[in-house]
Amino acid sequence: MIAFKLAFRNLLGAGLRTWLIVAVLSFAYVVILFYNGMLSGWDRQGRRDTKEWEIGQGQLWHSAYDKYDLFSIQDAHGPVVGEAKKFTDKGKLTPVLIVQATAYPQGRMQGVLLKGINPDQQILKFPSSMLHQDGQEINALIGKRMALTTRLNKGDKVLIRWRDKDGTFDALEVKIADVFNCNVPAVDNGQIWIDLNTLQKMMDLPGEATLLVSGTDEINENVGPWIYKDTEFLLAELNQIIHAKKGGSMVMQAMLLIIALLAIFDTQILSIFRRQKEIGTYIALGMTRAQVVGIFTVEGATHSILATILGALYGIPLFLWLGIKGITFGVDDMGITMAETIYPYYSIGLIITTTLFVILSATIMSYLPARRISRMKPTDALKGKIQ
Amino acid sequence: MEKDAIVSIKNLTKQFPVGKGHFTALSDVNIEFGVGEFAGLVGPSGSGKTTLLNIIGSLDTPTAGTAMVMGQSISDLSHKQSALLRSRHIGFIFQTFNLLPVYTVYENVEFALLLQRMNSVERHKAVMEALEWVGLIDKMKSKPSMLSGGESQRVAIARAMVKKPKIVLADEPTANLDSKNSHHILQTMKKLNKELKVTFIFATHDEKVMKYLDRIVNLADGKIAADERITDHIKA
């Protein structure tokens with residue numbers, strides 16, 4: 001308690017120097033929280049959007065399917081029967097058939113993935129009800145990114161050509177029933193969605209699918225020949241990107257923190273040289289050297305406590321505002337699941353961890369120069385003699 | 001050892017390393033101080049006054065010989081034990097006052113008691129009593145920067161006395177004070193010495209201080225040149 005009292009008095013007595021260090025340290029503290037909060041927000045939104053739009057509560061893949069290998073698609077389909085059919089009928093699974101095709105928007109040629117999905121499915125947020133056919137026309141859905149690259153709009157017609165299961169080419173025109181807006185490029189880029197039954201007929205693959213999207217956590221193992229992929233597996237890509245981003249941002253955060261910590265280190269050294277008489281007095285009054293080291297360490301570390309208080313003063317309103325307004329990057333397509341507007345998320349764990357990290361770093365940085373006191377001769381210290 | 005000796009120095013030598021050799025600050029010193037003495041170590045600069053005071057105060061250790069303070073050998077004390085001895089039984093008064101600049105007068109005096117973990121009620125009572133001894137109740141909320149030299153030294157006396165130590169070591173306590181203030185603080189110390197039976201040992205070459213001393217120990221070149229007890233008759 002004496003140490004804290006003394007530390008606060010000495011710090012406030014040091015005036016501008018203290019506030020300069022506290023300001024830099026609080027800036028580093030707020031920036032660290034901001035970056036991590038933003039990445040957490042992105043992570044949460046990305047996971048939520050990917051689950052809602054693409055992966056549900058997990059997927060069951062045909063054994064030949066590999067989402068990273070286009071060559072696997074041709075043979076990656078199988079009949080939805082047995083247990084899988086029961087789950088599908090109960091609405092706990094929704095089948096998706098994936099086929100390679102070529103689209104001819106405005107006479108140009110573009111390779112696409114043709115995906116068939118049940119228009120009545122309730123598992124994905126996907127506006128599949130728009131796929132219900134009205135008359136002879138085949139309704140199709142595309143995402144905003146696909147619309148941008150193909151220059152297709154709602155109501156446009158586009159010719160698509162595909163090869164059926166026997167390798168026979170066929171083609172027909174589909175009508176863009178709607179352009180959906182979502183943050184998950186994996187259901188948008190280069191994809192055209194149509195009714196599952198229609199696609200099965202086009203391919204001559206009745207009742208077959210490439211994968212089944214689960215809408216329940218009841219399904220957590222293989223179902224018949226369908227291989228279960230959990231959400232962690234399906235989110236691995238997003239997790240890796242977030243981790244890579246965290247690593248990159250840590251360099252900047254570390255630099256900011258190091259600048260602030262160096263200022264504390266420098267102040268401590270100066271303080272110990274300038275206040276030798278005071279150190280000698282503490283010892284003469286009956287303090288042990290360890291207690292005096294403690295006073296100086298606490299004094300240095302108190303910078304970080306003041307920094308967290310100052311950081312809270314301007315950080316809390318700033319973070320609250322950002323939490324409501326979000327941060328819009330103005331870029332629609334970065335090729336990864338990322339909302340246009342990110343709402344930073346500051347968990348209690350993040351705040352406590354960051355606060356402890358800043359305080360601990362400042363304490364260590366304060367302790368290192370303060371150790372010198374334990375080697376001082378009190379008689380020389382009382383004279384203010386440089387040791 | 002005298003029957004009621006509180007400090008007993010035997011064959012004490014203190015050397016400091018200087019370059020490849022050493023400087024002898026005290027050489028074969030033998031002396032004892034009894035309870036309630038008001039004694040002074042007198043001598044020119046470099047005669048070893050402060051060195052002897054530092055050893056008695058357990059801020060330094062002898063190179064050879066023994067220094068017993070309140071029955072404890074200074075050489076054998078650990079850092080923690082010597083800190084405990086200083087915090088409980090020894091008060092220091094310095095030439096430059098050495099007050100903590102960020103604390104008020106009250107807090108400077110209280111500081112010595114905080115180390116003893118005394119409860120706040122007793123602490124407050126003791127601090128107020130000490131400030132009353134030195135006549136600084138009205139300045140208790142002032143910072144040291146707002147005090148005169150005499151007032152600062154009176155705070156230092158209060159800080160040294162508040163824990164009711166057995167020994168007070170005063171190193172040139174009047175060197176930075178004018179004549180009036182010097183007499184004032186010496187009278188205060190003398191009064192405390194009489195009332196509380198505290199042993200005062202001064203290191204000084206100030207004539208004004210010598211007039212108040214009951215015993216003058218002359219040091220020259222690290223040796224005791226004379227040890228004279230002054231009776232009231234001689235002082236008069």
# chains A, B, ... in the order shown; residues from 1 in each chain; ligands from 1

call {"tool": "closest_atom_pairs", "arguments": {"of": "chain B", "to": "chain A", "cutoff": "7 Å", "atoms": "only C-alpha atoms", "output": "CSV"}}
result
residue,atom,partner,partner_atom,distance
B:Leu59,CA,A:Pro378,CA,6.2
B:Asp60,CA,A:Thr379,CA,7.0
B:His79,CA,A:Thr288,CA,6.5
B:Lys80,CA,A:Thr288,CA,5.9
B:Ala83,CA,A:Gly286,CA,4.5
B:Leu84,CA,A:Gly286,CA,6.0
B:Arg86,CA,A:Gly286,CA,4.8
B:Ser87,CA,A:Gly286,CA,3.9
B:Phe92,CA,A:Ala284,CA,6.9
B:Asn98,CA,A:Thr281,CA,6.4
B:Leu100,CA,A:Glu278,CA,6.9
B:Val102,CA,A:Arg9,CA,5.7
B:Ala112,CA,A:Leu285,CA,6.2

call {"tool": "write_last_selection", "arguments": {"atoms": "N, CA and C atoms", "output": "mmCIF file, in the first residue's frame"}}
result
data_model
loop_
_atom_site.group_PDB
_atom_site.id
_atom_site.type_symbol
_atom_site.label_atom_id
_atom_site.label_comp_id
_atom_site.auth_asym_id
_atom_site.auth_seq_id
_atom_site.Cartn_x
_atom_site.Cartn_y
_atom_site.Cartn_z
ATOM 1 N N LEU B 59 24.095 1.026 8.611
ATOM 2 C CA LEU B 59 24.064 1.314 7.174
ATOM 3 C C LEU B 59 25.346 0.819 6.521
ATOM 4 N N ASP B 60 26.337 0.505 7.357
ATOM 5 C CA ASP B 60 27.633 0.026 6.857
ATOM 6 C C ASP B 60 28.160 -0.994 7.877
ATOM 7 N N HIS B 79 20.574 -8.172 5.753
ATOM 8 C CA HIS B 79 19.937 -6.927 5.290
ATOM 9 C C HIS B 79 18.596 -6.718 5.996
ATOM 10 N N LYS B 80 17.865 -7.807 6.125
ATOM 11 C CA LYS B 80 16.529 -7.730 6.705
ATOM 12 C C LYS B 80 16.612 -7.376 8.191
ATOM 13 N N ALA B 83 17.648 -3.795 8.627
ATOM 14 C CA ALA B 83 16.511 -2.917 8.301
ATOM 15 C C ALA B 83 15.532 -2.874 9.473
ATOM 16 N N LEU B 84 15.331 -4.019 10.103
ATOM 17 C CA LEU B 84 14.427 -4.109 11.249
ATOM 18 C C LEU B 84 14.969 -3.297 12.427
ATOM 19 N N ARG B 86 16.939 -0.704 12.270
ATOM 20 C CA ARG B 86 16.778 0.724 11.955
ATOM 21 C C ARG B 86 15.317 1.148 12.088
ATOM 22 N N SER B 87 14.431 0.315 11.571
ATOM 23 C CA SER B 87 13.022 0.730 11.579
ATOM 24 C C SER B 87 12.450 0.791 13.004
ATOM 25 N N PHE B 92 17.252 8.536 12.264
ATOM 26 C CA PHE B 92 18.319 9.287 11.588
ATOM 27 C C PHE B 92 17.880 10.729 11.353
ATOM 28 N N ASN B 98 16.540 15.271 4.067
ATOM 29 C CA ASN B 98 16.083 14.053 3.375
ATOM 30 C C ASN B 98 14.604 13.744 3.589
ATOM 31 N N LEU B 100 10.762 13.270 2.206
ATOM 32 C CA LEU B 100 10.206 12.774 0.940
ATOM 33 C C LEU B 100 9.371 13.896 0.327
ATOM 34 N N VAL B 102 7.265 14.287 -2.040
ATOM 35 C CA VAL B 102 5.873 14.157 -2.494
ATOM 36 C C VAL B 102 4.894 13.992 -1.331
ATOM 37 N N ALA B 112 7.611 6.583 8.899
ATOM 38 C CA ALA B 112 8.425 5.714 9.759
ATOM 39 C C ALA B 112 7.556 4.677 10.473
#

call {"tool": "residues_around", "arguments": {"residues": "Leu219 of chain B", "least_positions_apart": "6", "cutoff": "9 Å", "atoms": "only C-alpha atoms", "output": "mmCIF file with C-alpha atoms, in the first residue's frame"}}
result
data_model
loop_
_atom_site.group_PDB
_atom_site.id
_atom_site.type_symbol
_atom_site.label_atom_id
_atom_site.label_comp_id
_atom_site.auth_asym_id
_atom_site.auth_seq_id
_atom_site.Cartn_x
_atom_site.Cartn_y
_atom_site.Cartn_z
ATOM 1 C CA LEU B 41 31.561 12.829 17.403
ATOM 2 C CA VAL B 42 33.609 15.859 16.623
ATOM 3 C CA GLY B 43 36.428 16.367 14.217
ATOM 4 C CA PRO B 44 37.440 17.770 10.865
ATOM 5 C CA SER B 47 38.127 12.178 10.455
ATOM 6 C CA GLY B 48 35.631 9.281 10.321
ATOM 7 C CA LYS B 49 32.624 10.808 12.137
ATOM 8 C CA ALA B 225 41.906 11.629 19.985
ATOM 9 C CA ALA B 226 39.878 12.587 23.060
ATOM 10 C CA ASP B 227 36.742 11.531 24.864
#

call {"tool": "residues_around", "arguments": {"residues": "Lys166 of chain B", "least_positions_apart": "6", "cutoff": "7 Å", "atoms": "only C-alpha atoms", "output": "mmCIF file with C-alpha atoms, in the first residue's frame"}}
result
data_model
loop_
_atom_site.group_PDB
_atom_site.id
_atom_site.type_symbol
_atom_site.label_atom_id
_atom_site.label_comp_id
_atom_site.auth_asym_id
_atom_site.auth_seq_id
_atom_site.Cartn_x
_atom_site.Cartn_y
_atom_site.Cartn_z
ATOM 1 C CA HIS B 89 15.211 1.349 17.261
ATOM 2 C CA ILE B 90 17.276 3.883 15.310
ATOM 3 C CA VAL B 198 16.787 8.520 23.983
ATOM 4 C CA THR B 199 20.493 8.289 23.191
#

call {"tool": "residues_around", "arguments": {"residues": "Ser58 of chain B", "least_positions_apart": "2", "cutoff": "8 Å", "atoms": "only C-alpha atoms", "output": "PyMOL selection string"}}
result
chain B and resi 54-56+60-61+74+82+85-86

call {"tool": "residues_around", "arguments": {"residues": "Glu83 of chain A", "least_positions_apart": "5", "cutoff": "9 Å", "atoms": "only C-alpha atoms", "output": "list in words"}}
result
Thr88, Val223 and Gly224 of chain A

call {"tool": "write_last_selection", "arguments": {"atoms": "C-alpha atoms", "output": "compact mmCIF listing (two decimals), in the first residue's frame"}}
result
# COMPACT_ATOMS: atom_id res chain seq x y z
CA THR A 88 -33.60 -35.05 -45.32
CA VAL A 223 -24.38 -41.29 -42.15
CA GLY A 224 -24.23 -44.33 -44.42

call {"tool": "residues_around", "arguments": {"residues": "Glu132 of chain B", "least_positions_apart": "6", "cutoff": "10 Å", "atoms": "only C-alpha atoms", "output": "JSON, numbers by chain"}}
result
{"B": [126, 138, 158]}

call {"tool": "closest_residue", "arguments": {"among": "A:Met255, A:Leu131, A:Met203, A:Val184", "to": "Pro119 of chain A", "atoms": "only C-alpha atoms"}}
result
A:Leu131

call {"tool": "closest_residue", "arguments": {"among": "B:Lys208, B:His183, B:Lys163, B:Lys190", "to": "Glu122 of chain B", "atoms": "only C-alpha atoms"}}
result
B:Lys163

call {"tool": "select_by_dssp", "arguments": {"residues": "segment 218-380 of chain A", "states": "helix (DSSP H, G or I)", "output": "NGL selection string"}}
result
:A and (231-234 or 236-274 or 276-284 or 289-325 or 348-375 or 378-380)

call {"tool": "closest_residue", "arguments": {"among": "B:Lys223, B:Arg159, B:His184, B:Lys143", "to": "Lys14 of chain B", "atoms": "only C-alpha atoms"}}
result
B:Lys223

call {"tool": "residues_around", "arguments": {"residues": "Tyr314 of chain A", "least_positions_apart": "6", "cutoff": "12 Å", "atoms": "only C-alpha atoms", "output": "mmCIF file with C-alpha atoms, in the first residue's frame"}}
result
data_model
loop_
_atom_site.group_PDB
_atom_site.id
_atom_site.type_symbol
_atom_site.label_atom_id
_atom_site.label_comp_id
_atom_site.auth_asym_id
_atom_site.auth_seq_id
_atom_site.Cartn_x
_atom_site.Cartn_y
_atom_site.Cartn_z
ATOM 1 C CA ALA A 23 -0.575 8.607 -23.114
ATOM 2 C CA SER A 26 -2.721 3.970 -23.192
ATOM 3 C CA PHE A 27 -2.653 4.419 -26.978
ATOM 4 C CA TYR A 29 -3.355 -0.484 -24.964
ATOM 5 C CA VAL A 30 -6.363 0.845 -26.865
ATOM 6 C CA VAL A 31 -4.871 -0.084 -30.261
ATOM 7 C CA ALA A 307 -2.661 4.052 -18.874
ATOM 8 C CA THR A 308 -5.521 1.575 -18.535
ATOM 9 C CA LEU A 320 -19.127 1.561 -27.788
ATOM 10 C CA TRP A 321 -19.533 3.846 -30.793
#

call {"tool": "select_by_dssp", "arguments": {"residues": "segment 14-209 of chain B", "states": "strand (DSSP E)", "output": "PyMOL selection string"}}
result
chain B and resi 14-18+21-34+38-42+64-69+72-73+90-93+167-171+199-204

call {"tool": "write_last_selection", "arguments": {"atoms": "N, CA and C atoms", "output": "compact mmCIF listing (two decimals), in the first residue's frame"}}
result
# COMPACT_ATOMS: atom_id res chain seq x y z
N LYS B 14 37.68 0.48 9.75
CA LYS B 14 36.89 0.52 8.51
C LYS B 14 37.77 1.05 7.39
N GLN B 15 37.86 0.25 6.35
CA GLN B 15 38.66 0.64 5.19
C GLN B 15 37.78 0.67 3.95
N PHE B 16 38.09 1.61 3.07
CA PHE B 16 37.37 1.69 1.79
C PHE B 16 38.36 1.44 0.67
N PRO B 17 37.96 0.66 -0.33
CA PRO B 17 38.87 0.45 -1.46
C PRO B 17 39.06 1.74 -2.27
N VAL B 18 40.28 2.07 -2.54
CA VAL B 18 40.59 3.24 -3.38
C VAL B 18 41.62 2.76 -4.41
N GLY B 21 44.51 0.14 -3.80
CA GLY B 21 44.77 0.08 -2.36
C GLY B 21 43.49 0.31 -1.57
N HIS B 22 43.64 0.91 -0.40
CA HIS B 22 42.45 1.22 0.38
C HIS B 22 42.72 2.43 1.28
N PHE B 23 41.63 3.04 1.68
CA PHE B 23 41.71 4.19 2.57
C PHE B 23 41.13 3.79 3.92
N THR B 24 41.90 4.06 4.99
CA THR B 24 41.42 3.68 6.33
C THR B 24 40.66 4.86 6.93
N ALA B 25 39.37 4.69 7.07
CA ALA B 25 38.53 5.77 7.61
C ALA B 25 38.49 5.71 9.14
N LEU B 26 38.51 4.51 9.70
CA LEU B 26 38.52 4.33 11.15
C LEU B 26 39.57 3.27 11.49
N SER B 27 40.33 3.53 12.52
CA SER B 27 41.40 2.59 12.84
C SER B 27 41.38 2.26 14.34
N ASP B 28 41.09 1.00 14.62
CA ASP B 28 41.14 0.47 15.98
C ASP B 28 40.38 1.35 16.99
N VAL B 29 39.15 1.61 16.69
CA VAL B 29 38.33 2.50 17.53
C VAL B 29 37.66 1.68 18.64
N ASN B 30 37.73 2.17 19.84
CA ASN B 30 37.05 1.54 20.98
C ASN B 30 36.23 2.62 21.69
N ILE B 31 34.95 2.39 21.79
CA ILE B 31 34.12 3.40 22.46
C ILE B 31 32.77 2.79 22.83
N GLU B 32 32.15 3.35 23.86
CA GLU B 32 30.82 2.89 24.25
C GLU B 32 29.93 4.10 24.49
N PHE B 33 28.63 3.93 24.20
CA PHE B 33 27.67 4.99 24.50
C PHE B 33 26.57 4.38 25.37
N GLY B 34 26.24 5.09 26.41
CA GLY B 34 25.23 4.59 27.34
C GLY B 34 23.85 5.08 26.99
N PHE B 38 23.84 12.19 25.40
CA PHE B 38 23.70 13.24 24.39
C PHE B 38 25.12 13.58 23.95
N ALA B 39 25.63 12.72 23.04
CA ALA B 39 27.06 12.75 22.74
C ALA B 39 27.31 13.18 21.31
N GLY B 40 28.53 13.67 21.09
CA GLY B 40 28.88 14.11 19.74
C GLY B 40 30.23 13.58 19.29
N LEU B 41 30.28 13.19 18.02
CA LEU B 41 31.56 12.83 17.40
C LEU B 41 32.02 14.08 16.69
N VAL B 42 33.14 14.56 17.11
CA VAL B 42 33.61 15.86 16.62
C VAL B 42 34.95 15.67 15.93
N ALA B 64 37.03 -4.61 10.28
CA ALA B 64 37.54 -5.47 11.36
C ALA B 64 37.00 -4.94 12.68
N GLY B 65 37.02 -5.79 13.71
CA GLY B 65 36.49 -5.38 15.01
C GLY B 65 35.00 -5.60 15.08
N THR B 66 34.42 -5.18 16.21
CA THR B 66 32.98 -5.40 16.38
C THR B 66 32.26 -4.11 16.74
N ALA B 67 31.03 -4.04 16.27
CA ALA B 67 30.15 -2.93 16.64
C ALA B 67 28.86 -3.56 17.14
N MET B 68 28.63 -3.44 18.44
CA MET B 68 27.40 -4.01 19.02
C MET B 68 26.42 -2.87 19.27
N VAL B 69 25.24 -3.01 18.73
CA VAL B 69 24.19 -2.00 18.95
C VAL B 69 22.99 -2.73 19.54
N GLN B 72 23.31 -6.36 19.49
CA GLN B 72 23.41 -7.08 18.22
C GLN B 72 24.67 -6.66 17.47
N SER B 73 25.39 -7.65 16.97
CA SER B 73 26.61 -7.34 16.23
C SER B 73 26.23 -6.92 14.81
N ILE B 90 16.32 2.81 15.64
CA ILE B 90 17.28 3.88 15.31
C ILE B 90 16.58 4.95 14.46
N GLY B 91 16.78 6.19 14.87
CA GLY B 91 16.26 7.31 14.10
C GLY B 91 17.43 8.07 13.48
N PHE B 92 17.25 8.54 12.26
CA PHE B 92 18.32 9.29 11.59
C PHE B 92 17.88 10.73 11.35
N ILE B 93 18.83 11.62 11.55
CA ILE B 93 18.60 13.02 11.17
C ILE B 93 19.78 13.42 10.29
N ILE B 167 17.95 5.01 19.87
CA ILE B 167 19.11 5.82 19.48
C ILE B 167 18.70 6.75 18.34
N VAL B 168 19.16 8.00 18.41
CA VAL B 168 19.00 8.91 17.27
C VAL B 168 20.40 9.31 16.81
N LEU B 169 20.66 9.11 15.52
CA LEU B 169 21.95 9.46 14.95
C LEU B 169 21.75 10.70 14.08
N ALA B 170 22.45 11.76 14.43
CA ALA B 170 22.26 13.02 13.70
C ALA B 170 23.58 13.43 13.04
N ASP B 171 23.55 13.45 11.73
CA ASP B 171 24.76 13.78 10.97
C ASP B 171 24.71 15.24 10.54
N THR B 199 19.07 7.99 23.38
CA THR B 199 20.49 8.29 23.19
C THR B 199 20.66 9.07 21.88
N PHE B 200 21.27 10.21 21.96
CA PHE B 200 21.55 11.02 20.77
C PHE B 200 23.05 10.97 20.49
N ILE B 201 23.42 10.62 19.26
CA ILE B 201 24.84 10.69 18.87
C ILE B 201 24.92 11.58 17.63
N PHE B 202 25.69 12.62 17.76
CA PHE B 202 25.84 13.58 16.67
C PHE B 202 27.18 13.38 15.96
N ALA B 203 27.22 13.69 14.69
CA ALA B 203 28.50 13.88 14.00
C ALA B 203 28.49 15.36 13.63
N THR B 204 29.42 16.10 14.15
CA THR B 204 29.35 17.55 13.91
C THR B 204 30.71 18.22 14.05
